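What follows is a set of notes on a single structure, which appears directly below.
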Amino acid sequence: MQKKITFIGAGSTIFMKNIVGDALHFDALSDATIALMDIDAARLEDSEIVARKLVQSMGAGARIETHTDQRRALEGADFVVTAFQIGGYKPCTVTDFEIPRQYGLRQTIGDTLGIGGIMRGLRTVPHLWQVAADMAQVCPQATLLQYVNPMAINTWALAERFPQLRQVGLCHSVQNTVAELAHDLDLPAGDFRYRVAGVNHVAFFLRLEQQMADGSLRDLYPALQAGYRNGALPKPPLLNDRCPNAVRYEVMQQLGFFCTESSEHLAEYVPWFIKQGRDDLIARFGVPLDEYPKRCEEQIADWRAQATAFRSAQRIEVAKSHEFAAEIMNAIATDTPYTIYGNLPNHGQIPQLPAGAAVETPCLVDANGVQPTVMTDIPPQLVALMRSQINVQELTVRALVDENRDHLYHAAMMDPHTAAELDLGQIRALVDDLLAAHHDWVPAWAQNRRAA
């Protein structure tokens, strides 16, 4: 039976290309109806051209349609992919960096935790709720494949308001980290065997081994630890030569386990690396301050060149990416078991962490949907770090669900990096300034001042 895949935020053309291209590799999806939706008609047209050329290049039978109306795009969908940024790079991301910098609060990415993550969640969750509400009306059995940051806040908030929604939060940090570690150890990534658990971007490799030719498993942690101690590791990074992996290695050396997210992310989730008056730390660990705005500018320039190339190309290469989305769709559509790392509300799969929090674990996917694996053996020091992230996520979700502006202040006060840099009065003033600047992008209740 033909499937329908709806892509909300299809103006993210390169990401759309990866997901749609992946789907076309599977027989069960190659004749799907692919509905592309975006509010930017020009970007949507670019994406339509790319999608049609993908279908042509693959010789597939998929049908491409485009929409600027979200509900129409969702009608009858089997799978829904979300990939959008409310408020865009300009003005909202720029604001998320510029105003905190005036208070002496420096960031690297600002999309997951910290003051940038809180503000992005405040802008993003209401629209995800609208996607979920539309799905409940026009495609209630569809599975939402949610790629939008802040992943944990979004996943948690969706479950609070729409508990019956079939959803999974998806990220590529596990796959990217395996590639980086294989690069550092000069080993084939395909030989790695691992178990990961935690919260998105602060999950850890609880087991990291190499499958040997005789079938035995070799623990890779001793090689990582020795390499870092003697200065051989980390090597220049594989994925972004501006962002060395020293932060992750230092956290591994101190806590005993390797984090799934990049050093530029991890540096702003904790209070140890970005500190006023300690530019020596910034230099020693190569922390790339204001990294996300730099990437946005580069991506805008790259996209303009790629858009021109795509329009003139007769064919488009359709190499398979390492994203999980198409694998999930195929597993559900064909009842073919597949294992992913997915973010779901905690219903006991990590009993050491609070119920309801969005947690990342191995998940089995088949016709029954996305089913998480129970992980009970996370070391206590890692649980403690994860809880420091969950504190911020929970208070942001509570602010959204209860429409309580006070909890936005509380979330910022509990953020490890923000709290290490600013006092309580500064944090409250910073939140006020950000909410005022984001007036057109956040819910009305967030503009209503409450007593301190």
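For the structure tokens, the naming scheme is as follows: chains receive sequential letters (A, B, ...) according to their order of presentation, residues are indexed from 1 within each chain, and ligands are indexed from 1 in presentation order.
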task = Using only C-alpha atoms, determine which residues lie at most 6 Å from Cys363 in chain A, disregarding the query and same-chain residues fewer than 3 positions distant; provide the list as a ChimeraX atom specification.
result = /A:339-341,371-373
Grab the residues selected above and save them as an mmCIF file, in the first residue's frame with C-alpha atoms.
```
data_model
loop_
_atom_site.group_PDB
_atom_site.id
_atom_site.type_symbol
_atom_site.label_atom_id
_atom_site.label_comp_id
_atom_site.auth_asym_id
_atom_site.auth_seq_id
_atom_site.Cartn_x
_atom_site.Cartn_y
_atom_site.Cartn_z
ATOM 1 C CA THR A 339 17.393 -0.549 15.966
ATOM 2 C CA ILE A 340 17.797 3.205 16.331
ATOM 3 C CA TYR A 341 18.691 5.682 19.059
ATOM 4 C CA GLN A 371 9.859 0.675 21.415
ATOM 5 C CA PRO A 372 12.587 1.784 23.847
ATOM 6 C CA THR A 373 15.091 -0.488 25.557
#
```
message = List the spatial neighbours of range 62-77 of chain A as an MDAnalysis selection string - criterion: any atom at most 6 Å away, only C-alpha atoms, same-chain residues fewer than 6 positions off excluded.
response = chainID A and resid 4:5 30:39 134 138:139
Could you save the residues just selected, with N, CA and C atoms, as a CSV table (one decimal), in the first residue's frame?
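Final file, result-v6.csv:
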```csv
chain,number,residue,atom,x,y,z
A,4,LYS,N,2.3,7.9,2.5
A,4,LYS,CA,2.4,9.3,2.4
A,4,LYS,C,3.4,9.8,3.4
A,5,ILE,N,4.4,10.6,3.0
A,5,ILE,CA,5.4,11.2,3.9
A,5,ILE,C,5.2,12.7,3.7
A,30,SER,N,9.4,3.9,-2.2
A,30,SER,CA,9.9,4.5,-3.4
A,30,SER,C,8.7,5.0,-4.3
A,31,ASP,N,7.5,4.5,-4.0
A,31,ASP,CA,6.3,5.0,-4.7
A,31,ASP,C,5.4,5.9,-3.8
A,32,ALA,N,6.0,6.4,-2.7
A,32,ALA,CA,5.2,7.2,-1.8
A,32,ALA,C,4.8,8.6,-2.4
A,33,THR,N,3.7,9.1,-1.8
A,33,THR,CA,3.4,10.5,-2.0
A,33,THR,C,4.2,11.3,-1.0
A,34,ILE,N,5.0,12.3,-1.5
A,34,ILE,CA,5.8,13.1,-0.6
A,34,ILE,C,5.3,14.5,-0.7
A,35,ALA,N,4.8,14.9,0.5
A,35,ALA,CA,4.2,16.3,0.6
A,35,ALA,C,5.2,17.2,1.2
A,36,LEU,N,5.6,18.2,0.5
A,36,LEU,CA,6.6,19.2,1.0
A,36,LEU,C,5.8,20.4,1.4
A,37,MET,N,6.0,20.9,2.7
A,37,MET,CA,5.3,22.0,3.2
A,37,MET,C,6.3,23.0,3.8
A,38,ASP,N,6.2,24.3,3.4
A,38,ASP,CA,7.0,25.4,4.0
A,38,ASP,C,6.2,26.7,3.8
A,39,ILE,N,6.5,27.6,4.7
A,39,ILE,CA,5.8,29.0,4.6
A,39,ILE,C,6.6,29.9,3.6
A,134,ASP,N,-3.0,19.3,14.4
A,134,ASP,CA,-3.5,19.0,13.0
A,134,ASP,C,-3.4,17.5,12.7
A,138,VAL,N,-6.3,15.0,11.1
A,138,VAL,CA,-6.2,14.5,9.7
A,138,VAL,C,-5.3,13.3,9.5
A,139,CYS,N,-4.5,12.9,10.4
A,139,CYS,CA,-3.7,11.7,10.3
A,139,CYS,C,-3.3,11.2,11.7
```
key: Near-range 209-219 of chain A list (8 Å; only C-alpha atoms; drop same-chain fewer than 6 positions) as a PyMOL selection string   = chain A and resi 191-194
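Computed from the coordinates, the CA of Gly114 in chain A to CA of Thr418 in chain A distance equals 6.5 Å.
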task = Mind checking which residues fall within 9 Å of His438 in chain A, counting only C-alpha atoms, ignoring those fewer than 6 positions away in the same chain, and posting them as an NGL selection string?
result = :A and (87 or 91-92 or 95 or 119 or 123)
Take the residues from that selection and put them in a file with N, CA and C atoms, as a compact mmCIF listing (two decimals), in the first residue's frame.
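Output below, filename selection25.txt:
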```
# COMPACT_ATOMS: atom_id res chain seq x y z
N GLY A 87 11.43 31.64 13.82
CA GLY A 87 12.16 32.90 14.00
C GLY A 87 13.44 32.98 13.21
N PRO A 91 15.51 37.16 12.83
CA PRO A 91 16.21 37.84 13.91
C PRO A 91 16.54 36.98 15.12
N CYS A 92 15.90 35.80 15.27
CA CYS A 92 15.84 35.18 16.60
C CYS A 92 17.15 34.60 17.09
N THR A 95 19.47 37.35 18.08
CA THR A 95 19.06 37.90 19.37
C THR A 95 19.49 37.01 20.52
N MET A 119 14.90 29.89 25.10
CA MET A 119 14.17 30.78 24.19
C MET A 119 13.76 30.06 22.92
N ARG A 123 9.83 29.45 21.55
CA ARG A 123 9.36 29.77 20.20
C ARG A 123 8.83 28.54 19.47
```
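Note that CA of Glu421 in chain A and CA of Pro100 in chain A are 10.8 Å apart.
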task = Identify, with DSSP run on backbone atoms, the residues in range 161-409 of chain A assigned to helix (DSSP H, G or I), and express the list as a VMD selection string.
result = chain A and resid 161 173 to 185 189 to 191 221 to 229 246 to 255 263 to 266 279 to 285 291 to 312 325 to 334 380 to 402 406 to 409
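Residue nearest Arg295 in chain A, chosen from A:Cys243, A:His25, A:Val383, A:Arg52 and counting only C-alpha atoms: A:Cys243.
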task = Can you pull out every residue within 10 Å of Val196 in chain A, counting only C-alpha atoms, but drop anything in the same chain fewer than 5 positions away, and send it as a list in words?
result = Val174, Ala203, Phe204, Phe205, Leu206, Arg207, Leu208, Phe258, Cys259, Thr260, Tyr341, Glu360, Thr361, Pro362, Met375 and Ile378 of chain A
Can you write just those residues out, C-alpha atoms, as a short mmCIF file (atom, residue, chain, number, x, y, z; two decimals), in the first residue's frame?
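Everything below was put into selection_38.cif:
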```cif
data_model
loop_
_atom_site.label_atom_id
_atom_site.label_comp_id
_atom_site.auth_asym_id
_atom_site.auth_seq_id
_atom_site.Cartn_x
_atom_site.Cartn_y
_atom_site.Cartn_z
CA VAL A 174 25.43 8.97 18.15
CA ALA A 203 24.05 10.74 26.54
CA PHE A 204 27.14 8.60 27.05
CA PHE A 205 28.77 5.52 25.59
CA LEU A 206 28.31 3.09 28.48
CA ARG A 207 30.00 0.40 26.43
CA LEU A 208 32.42 1.08 23.56
CA PHE A 258 32.51 9.64 26.33
CA CYS A 259 29.63 12.02 25.54
CA THR A 260 27.60 11.67 22.35
CA TYR A 341 18.69 5.68 19.06
CA GLU A 360 17.59 8.76 24.59
CA THR A 361 18.05 4.98 24.46
CA PRO A 362 18.29 2.18 21.91
CA MET A 375 18.75 0.85 30.58
CA ILE A 378 24.08 4.40 34.11
#
```
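Using only C-alpha atoms, the protein and nucleic acid residues lying no more than 12 Å from Ala419 in chain A, apart from those fewer than 2 places from it along its own chain, are Leu105, Gly114, Ile115, Glu268, Tyr269, Val270, Pro271, Trp272, Ile274, Lys275, Ser388, Val392, Tyr409, His410, Ala411, Ala412, Met413, Met414, Asp415, Pro416, His417, Glu421, Leu422, Asp423, Leu424, Gly425, Gln426, Ile427 and Arg428 of chain A.
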File dump, residues just selected, N, CA, C and O atoms, as an mmCIF file, in the first residue's frame:
```
data_model
loop_
_atom_site.group_PDB
_atom_site.id
_atom_site.type_symbol
_atom_site.label_atom_id
_atom_site.label_comp_id
_atom_site.auth_asym_id
_atom_site.auth_seq_id
_atom_site.Cartn_x
_atom_site.Cartn_y
_atom_site.Cartn_z
ATOM 1 N N LEU A 105 27.527 36.746 29.130
ATOM 2 C CA LEU A 105 27.222 35.324 28.993
ATOM 3 C C LEU A 105 27.497 34.902 27.556
ATOM 4 O O LEU A 105 26.794 35.308 26.629
ATOM 5 N N GLY A 114 20.660 26.007 28.146
ATOM 6 C CA GLY A 114 21.061 27.382 28.374
ATOM 7 C C GLY A 114 19.985 28.356 27.960
ATOM 8 O O GLY A 114 18.872 27.992 27.583
ATOM 9 N N ILE A 115 20.324 29.628 28.010
ATOM 10 C CA ILE A 115 19.332 30.652 27.718
ATOM 11 C C ILE A 115 18.887 30.584 26.267
ATOM 12 O O ILE A 115 17.711 30.809 25.940
ATOM 13 N N GLU A 268 28.920 24.340 26.578
ATOM 14 C CA GLU A 268 27.953 25.287 27.133
ATOM 15 C C GLU A 268 26.860 24.597 27.952
ATOM 16 O O GLU A 268 25.963 25.263 28.456
ATOM 17 N N TYR A 269 26.929 23.281 28.097
ATOM 18 C CA TYR A 269 25.969 22.562 28.944
ATOM 19 C C TYR A 269 26.444 22.447 30.393
ATOM 20 O O TYR A 269 25.672 22.057 31.263
ATOM 21 N N VAL A 270 27.708 22.746 30.613
ATOM 22 C CA VAL A 270 28.328 22.527 31.916
ATOM 23 C C VAL A 270 29.008 23.825 32.369
ATOM 24 O O VAL A 270 29.248 24.723 31.560
ATOM 25 N N PRO A 271 29.360 23.951 33.635
ATOM 26 C CA PRO A 271 29.936 25.209 34.134
ATOM 27 C C PRO A 271 31.460 25.269 34.100
ATOM 28 O O PRO A 271 32.029 26.185 34.696
ATOM 29 N N TRP A 272 32.127 24.364 33.399
ATOM 30 C CA TRP A 272 33.556 24.169 33.597
ATOM 31 C C TRP A 272 34.457 24.781 32.535
ATOM 32 O O TRP A 272 35.673 24.867 32.740
ATOM 33 N N ILE A 274 33.516 27.563 29.879
ATOM 34 C CA ILE A 274 33.326 28.951 29.444
ATOM 35 C C ILE A 274 33.112 29.782 30.702
ATOM 36 O O ILE A 274 32.034 29.755 31.307
ATOM 37 N N LYS A 275 34.141 30.518 31.113
ATOM 38 C CA LYS A 275 34.080 31.261 32.378
ATOM 39 C C LYS A 275 34.682 32.649 32.180
ATOM 40 O O LYS A 275 35.723 32.797 31.529
ATOM 41 N N SER A 388 21.088 17.645 35.820
ATOM 42 C CA SER A 388 21.291 19.092 35.713
ATOM 43 C C SER A 388 20.712 19.625 34.409
ATOM 44 O O SER A 388 20.275 20.785 34.342
ATOM 45 N N VAL A 392 16.542 22.089 33.758
ATOM 46 C CA VAL A 392 16.245 23.199 32.850
ATOM 47 C C VAL A 392 15.116 22.817 31.895
ATOM 48 O O VAL A 392 14.191 23.598 31.650
ATOM 49 N N TYR A 409 12.218 32.156 34.194
ATOM 50 C CA TYR A 409 13.312 32.620 35.052
ATOM 51 C C TYR A 409 13.946 31.440 35.789
ATOM 52 O O TYR A 409 15.173 31.323 35.879
ATOM 53 N N HIS A 410 13.089 30.577 36.335
ATOM 54 C CA HIS A 410 13.602 29.444 37.121
ATOM 55 C C HIS A 410 14.468 28.534 36.260
ATOM 56 O O HIS A 410 15.512 28.044 36.709
ATOM 57 N N ALA A 411 14.024 28.293 35.033
ATOM 58 C CA ALA A 411 14.809 27.445 34.135
ATOM 59 C C ALA A 411 16.193 28.042 33.906
ATOM 60 O O ALA A 411 17.213 27.340 33.965
ATOM 61 N N ALA A 412 16.245 29.345 33.636
ATOM 62 C CA ALA A 412 17.534 29.999 33.407
ATOM 63 C C ALA A 412 18.402 29.978 34.655
ATOM 64 O O ALA A 412 19.624 29.815 34.582
ATOM 65 N N MET A 413 17.774 30.136 35.830
ATOM 66 C CA MET A 413 18.528 30.102 37.082
ATOM 67 C C MET A 413 19.157 28.743 37.343
ATOM 68 O O MET A 413 20.209 28.642 37.985
ATOM 69 N N MET A 414 18.526 27.677 36.866
ATOM 70 C CA MET A 414 19.023 26.324 37.086
ATOM 71 C C MET A 414 20.007 25.869 36.019
ATOM 72 O O MET A 414 20.630 24.811 36.170
ATOM 73 N N ASP A 415 20.137 26.647 34.954
ATOM 74 C CA ASP A 415 21.063 26.243 33.901
ATOM 75 C C ASP A 415 22.497 26.289 34.416
ATOM 76 O O ASP A 415 22.939 27.322 34.952
ATOM 77 N N PRO A 416 23.266 25.208 34.270
ATOM 78 C CA PRO A 416 24.620 25.177 34.859
ATOM 79 C C PRO A 416 25.534 26.303 34.390
ATOM 80 O O PRO A 416 26.219 26.933 35.207
ATOM 81 N N HIS A 417 25.573 26.565 33.104
ATOM 82 C CA HIS A 417 26.483 27.587 32.586
ATOM 83 C C HIS A 417 26.011 28.987 32.963
ATOM 84 O O HIS A 417 26.795 29.818 33.444
ATOM 85 N N GLU A 421 27.832 32.000 35.682
ATOM 86 C CA GLU A 421 28.316 33.281 35.167
ATOM 87 C C GLU A 421 27.565 34.483 35.728
ATOM 88 O O GLU A 421 28.151 35.550 35.916
ATOM 89 N N LEU A 422 26.248 34.345 35.968
ATOM 90 C CA LEU A 422 25.419 35.494 36.320
ATOM 91 C C LEU A 422 24.761 35.310 37.680
ATOM 92 O O LEU A 422 24.486 34.175 38.099
ATOM 93 N N ASP A 423 24.478 36.432 38.358
ATOM 94 C CA ASP A 423 23.737 36.334 39.612
ATOM 95 C C ASP A 423 22.236 36.329 39.318
ATOM 96 O O ASP A 423 21.797 36.485 38.167
ATOM 97 N N LEU A 424 21.427 36.162 40.355
ATOM 98 C CA LEU A 424 19.989 36.002 40.164
ATOM 99 C C LEU A 424 19.356 37.232 39.527
ATOM 100 O O LEU A 424 18.480 37.114 38.654
ATOM 101 N N GLY A 425 19.780 38.408 39.947
ATOM 102 C CA GLY A 425 19.226 39.624 39.363
ATOM 103 C C GLY A 425 19.574 39.761 37.895
ATOM 104 O O GLY A 425 18.740 40.188 37.076
ATOM 105 N N GLN A 426 20.799 39.427 37.545
ATOM 106 C CA GLN A 426 21.208 39.488 36.145
ATOM 107 C C GLN A 426 20.411 38.498 35.295
ATOM 108 O O GLN A 426 20.008 38.810 34.167
ATOM 109 N N ILE A 427 20.195 37.300 35.836
ATOM 110 C CA ILE A 427 19.448 36.288 35.085
ATOM 111 C C ILE A 427 18.019 36.764 34.822
ATOM 112 O O ILE A 427 17.503 36.652 33.698
ATOM 113 N N ARG A 428 17.379 37.314 35.840
ATOM 114 C CA ARG A 428 16.012 37.801 35.654
ATOM 115 C C ARG A 428 15.969 38.929 34.611
ATOM 116 O O ARG A 428 15.093 38.956 33.740
#
```
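All residues of protein, DNA or RNA that reach within 7 Å of range 443-447 of chain A, judged by only C-alpha atoms and not counting those fewer than 6 positions away in the chain, are Glu403, Arg405 and Leu435 of chain A.
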Quick one: write out the picked residues with N, CA and C atoms as a JSON list (two decimals), in the first residue's frame?
```json
[["chain", "number", "residue", "atom", "x", "y", "z"],
["A", 403, "GLU", "N", 1.69, 27.89, 31.19],
["A", 403, "GLU", "CA", 1.70, 29.30, 30.78],
["A", 403, "GLU", "C", 2.15, 30.19, 31.95],
["A", 405, "ARG", "N", 5.20, 32.40, 33.26],
["A", 405, "ARG", "CA", 6.43, 33.10, 32.94],
["A", 405, "ARG", "C", 7.50, 32.91, 34.02],
["A", 435, "LEU", "N", 12.78, 38.24, 26.32],
["A", 435, "LEU", "CA", 11.35, 38.14, 26.03],
["A", 435, "LEU", "C", 10.85, 39.39, 25.31]]
```
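Distance-wise, CA of Ala133 in chain A and CA of Thr396 in chain A end up 20.5 Å apart.
Candidate residues A:His172, A:Arg284, A:His127, A:Arg166 were compared for distance to Ala325 in chain A, and the nearest is A:His172, using only C-alpha atoms.
With distances restricted to only C-alpha atoms, A:Phe26 is the closest residue to Met329 in chain A from A:Phe15, A:Phe7, A:Trp303, A:Phe26.
The shortest atom-to-atom distance to Val94 in chain A, with only C-alpha atoms taken into account, belongs to A:Cys296 out of A:Cys296, A:Val55, A:Val365, A:Ala179.
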